[in-house]
Structures are given as structure tokens and as C-alpha cells.
Amino acid sequence: SMRPPVPGAISRSQMVDDTHYHLGTVDGNFTTGFPEQVEVNEALLKRGKDMFGVYCLPCHGVQGYGDGPVHKRAMVLLNTGTNGTTWVQPKSLHEEAISDYPIGQIYWVISNGVRNMAGYKSQIRVEDRWAIVAWVEALQLSQNAPADEVPGSESLPVIKTAAPGSEDES
């Protein structure tokens, strides 16, 4: 037990036989599809929504815009100058850069973290991380779906981006 490990040796607990499922990569690149073990269906989305609610919602918010309760509380502390508080708002999952992430990169970020976000590999099981990925994809699609792909969209109200009273208001 006192011998140093052999250089280049990998313990059995560190070996990964299926990088697609365990790391979100195929041949060293982030995957663009779900692993074969993951069946994307209503049950997976429900599980993803539940796990998102536990682990992601506090910072990213219900719809993934980075406006969760942790952010709101941090802003209160920041605005009152409590103990020199500093804060960086969580990223919106709908930003173009993030919505362009391949599926494997979303999985990897959930597992390992990025910037100020901690990794959740030790807290969230592999299958639940994939469920969260499915839910994030569903959130992104729900907020950015083209109108022609949404049944009945012609009867929905249109959100106006022009300020009330401006010339562009229709």
C-alpha cells in the first residue's frame, strides 16, 4: 500500500467504457445525439423537469433565463451592499451560444461545471443528467420554436417588441 502508483496507471473506478453515455463525447468530440441507453420520451422529460427543478432551477429559474431565486436573493444582497457581496448572474440557457451547444456539451457542463457553476457529477446520477439535458433541450425549443412548427400558432397573441406609443407599434 505504500508503493507509488505505476505511471500512466488508471484505477478501475476511473475507467469509462462508454464515453458517449458517461462523458457526452464520441471520439473526443461532444455528441449531438442521445446515447442508445437513453430513450427520449415523456417519462424522461418528466424526470428531467423534476431534476431540473431540484438542481438547476434555483439559479437558472423555471424557464432557464438565469433568474432563479438564488439570483434574486443575491441581487437583494448586492443592492443593499451586504458584506461586500459580489455576484455574477447565472447564464440564460436561451442565449445563442448556449442554445448552440451540442447535447454532449450540455451533459458535460452539468457534470463538470463551467465558469461559476459547480459540477454535479457526484450529486446527480448519469441517467438523471441525461434527463436534465432532455428537459433543457425542451425548454430551449419551447422558447425558440418557429411559429410554423407550433400547431394553432396563428390564434396565439403576438408579443410586440416596440415600445407602446412608438411609430413601430402595430
# chains A, B, ... in the order shown; residues from 1 in each chain; ligands from 1
$ select_by_dssp --residues "chain A" --states "strand (DSSP E)" --output "ChimeraX atom specification"
/A:25-26,29-30,113-114,117-118
$ residues_around --residues "Tyr65 of chain A" --least-positions-apart "2" --cutoff "8 Å" --atoms "only C-alpha atoms" --output "PDB file with C-alpha atoms, in the first residue's frame"
ATOM      1  CA  HIS A  60     -31.375  29.275 -13.794  1.00  0.00           C
ATOM      2  CA  GLY A  61     -35.070  29.814 -12.982  1.00  0.00           C
ATOM      3  CA  VAL A  62     -38.196  27.940 -14.080  1.00  0.00           C
ATOM      4  CA  GLN A  63     -37.762  28.736 -17.776  1.00  0.00           C
ATOM      5  CA  ASP A  67     -33.492  34.452 -12.984  1.00  0.00           C
ATOM      6  CA  GLY A  68     -33.942  31.860 -10.257  1.00  0.00           C
ATOM      7  CA  LYS A  91     -26.380  32.229 -17.753  1.00  0.00           C
ATOM      8  CA  SER A  92     -29.640  32.108 -19.637  1.00  0.00           C
ATOM      9  CA  LEU A  93     -29.985  28.707 -21.268  1.00  0.00           C
ATOM     10  CA  HIS A  94     -31.576  30.527 -24.208  1.00  0.00           C
TER      11      HIS A  94
END
$ closest_atom_pairs --of "segment 36-106 of chain A" --to "segment 118-138 of chain A" --cutoff "10 Å" --atoms "only C-alpha atoms" --output "tab-separated table"
residue	atom	partner	partner_atom	distance
A:Gln37	CA	A:Glu127	CA	8.8
A:Val38	CA	A:Trp130	CA	7.4
A:Glu39	CA	A:Ala131	CA	9.5
A:Val40	CA	A:Ala134	CA	7.2
A:Asn41	CA	A:Ala134	CA	9.2
A:Ala43	CA	A:Ala131	CA	9.1
A:Leu44	CA	A:Ala131	CA	5.5
A:Leu45	CA	A:Trp135	CA	5.5
A:Lys46	CA	A:Trp135	CA	7.9
A:Arg47	CA	A:Ala131	CA	6.0
A:Gly48	CA	A:Ala131	CA	4.1
A:Lys49	CA	A:Trp135	CA	5.7
A:Asp50	CA	A:Ile132	CA	8.4
A:Met51	CA	A:Ile132	CA	6.3
A:Phe52	CA	A:Ile132	CA	5.8
A:Gly53	CA	A:Ile132	CA	9.4
A:Tyr55	CA	A:Tyr120	CA	8.4
A:Cys56	CA	A:Ile132	CA	8.8
A:Gln63	CA	A:Val136	CA	9.1
A:Gly64	CA	A:Val136	CA	7.9
A:Leu93	CA	A:Val136	CA	7.6
A:His94	CA	A:Val136	CA	9.4
A:Ser99	CA	A:Glu137	CA	8.2
A:Ile103	CA	A:Val133	CA	6.9
A:Gly104	CA	A:Val133	CA	8.6
A:Gln105	CA	A:Val133	CA	9.5
A:Ile106	CA	A:Val133	CA	6.3
$ closest_residue --among "A:Arg73, A:Trp108, A:Gln140, A:Glu36" --to "Glu95 of chain A" --atoms "only C-alpha atoms"
A:Gln140
$ atom_distance --atom1 "atom CA of Leu156 of chain A" --atom2 "atom CA of Leu141 of chain A"
17.1 Å
$ atom_distance --atom1 "atom CA of Gly24 of chain A" --atom2 "atom CA of Ile110 of chain A"
10.4 Å
$ select_by_dssp --residues "segment 16-152 of chain A" --states "alpha helix (DSSP H)" --output "VMD selection string"
chain A and resid 19 to 23 42 to 55 57 to 60 69 to 80 96 to 99 103 to 112 126 to 144
$ atom_distance --atom1 "atom CA of Pro35 of chain A" --atom2 "atom CA of Leu57 of chain A"
24.8 Å
$ closest_residue --among "A:Val54, A:Cys59, A:Val70, A:Tyr107" --to "Phe30 of chain A" --atoms "only C-alpha atoms"
A:Tyr107
$ decode --residues "segment 15-35 of chain A" --atoms "N, CA, C and O atoms" --output "compact mmCIF listing (two decimals), in the first residue's frame"
# COMPACT_ATOMS: atom_id res chain seq x y z
N MET A 15 -12.09 4.19 -14.92
CA MET A 15 -12.25 3.76 -16.31
C MET A 15 -13.66 4.02 -16.81
O MET A 15 -14.63 3.84 -16.10
N VAL A 16 -13.75 4.47 -18.03
CA VAL A 16 -15.04 4.72 -18.66
C VAL A 16 -15.07 3.92 -19.95
O VAL A 16 -14.26 4.14 -20.84
N ASP A 17 -16.00 2.99 -20.03
CA ASP A 17 -16.07 2.14 -21.22
C ASP A 17 -16.95 2.74 -22.31
O ASP A 17 -16.80 2.43 -23.47
N ASP A 18 -17.87 3.62 -21.97
CA ASP A 18 -18.78 4.21 -22.94
C ASP A 18 -18.74 5.72 -22.77
O ASP A 18 -19.47 6.29 -21.96
N THR A 19 -17.88 6.39 -23.54
CA THR A 19 -17.72 7.84 -23.38
C THR A 19 -18.98 8.60 -23.78
O THR A 19 -19.24 9.66 -23.22
N HIS A 20 -19.74 8.05 -24.72
CA HIS A 20 -20.98 8.73 -25.13
C HIS A 20 -21.92 8.86 -23.93
O HIS A 20 -22.42 9.94 -23.65
N TYR A 21 -22.12 7.77 -23.21
CA TYR A 21 -23.05 7.76 -22.09
C TYR A 21 -22.49 8.46 -20.85
O TYR A 21 -23.20 9.20 -20.18
N HIS A 22 -21.21 8.25 -20.55
CA HIS A 22 -20.65 8.75 -19.30
C HIS A 22 -20.02 10.13 -19.40
O HIS A 22 -19.91 10.84 -18.39
N LEU A 23 -19.58 10.53 -20.61
CA LEU A 23 -18.91 11.82 -20.75
C LEU A 23 -19.58 12.78 -21.72
O LEU A 23 -19.25 13.96 -21.76
N GLY A 24 -20.49 12.27 -22.56
CA GLY A 24 -21.13 13.11 -23.56
C GLY A 24 -20.26 13.34 -24.78
O GLY A 24 -20.48 14.28 -25.53
N THR A 25 -19.25 12.48 -24.98
CA THR A 25 -18.34 12.63 -26.11
C THR A 25 -18.27 11.35 -26.93
O THR A 25 -18.49 10.25 -26.43
N VAL A 26 -17.96 11.53 -28.21
CA VAL A 26 -17.69 10.41 -29.12
C VAL A 26 -16.43 10.79 -29.89
O VAL A 26 -16.37 11.86 -30.50
N ASP A 27 -15.42 9.95 -29.80
CA ASP A 27 -14.13 10.20 -30.45
C ASP A 27 -13.55 11.57 -30.07
O ASP A 27 -13.00 12.28 -30.92
N GLY A 28 -13.73 11.95 -28.82
CA GLY A 28 -13.15 13.20 -28.32
C GLY A 28 -13.94 14.45 -28.62
O GLY A 28 -13.52 15.54 -28.25
N ASN A 29 -15.10 14.33 -29.28
CA ASN A 29 -15.94 15.48 -29.59
C ASN A 29 -17.28 15.35 -28.88
O ASN A 29 -17.77 14.24 -28.68
N PHE A 30 -17.88 16.49 -28.54
CA PHE A 30 -19.20 16.45 -27.92
C PHE A 30 -20.20 15.84 -28.89
O PHE A 30 -20.21 16.17 -30.08
N THR A 31 -21.04 14.97 -28.38
CA THR A 31 -22.03 14.30 -29.20
C THR A 31 -23.21 15.21 -29.50
O THR A 31 -23.52 16.11 -28.73
N THR A 32 -23.86 14.95 -30.62
CA THR A 32 -25.03 15.74 -31.00
C THR A 32 -26.31 14.94 -30.78
O THR A 32 -27.40 15.46 -31.06
N GLY A 33 -26.20 13.74 -30.30
CA GLY A 33 -27.38 12.91 -30.07
C GLY A 33 -27.31 12.20 -28.73
O GLY A 33 -26.25 12.13 -28.10
N PHE A 34 -28.44 11.69 -28.30
CA PHE A 34 -28.51 10.97 -27.03
C PHE A 34 -27.91 9.57 -27.19
O PHE A 34 -28.02 8.97 -28.27
N PRO A 35 -27.30 9.03 -26.14
CA PRO A 35 -26.78 7.67 -26.20
C PRO A 35 -27.91 6.65 -26.39
O PRO A 35 -29.06 6.94 -26.07
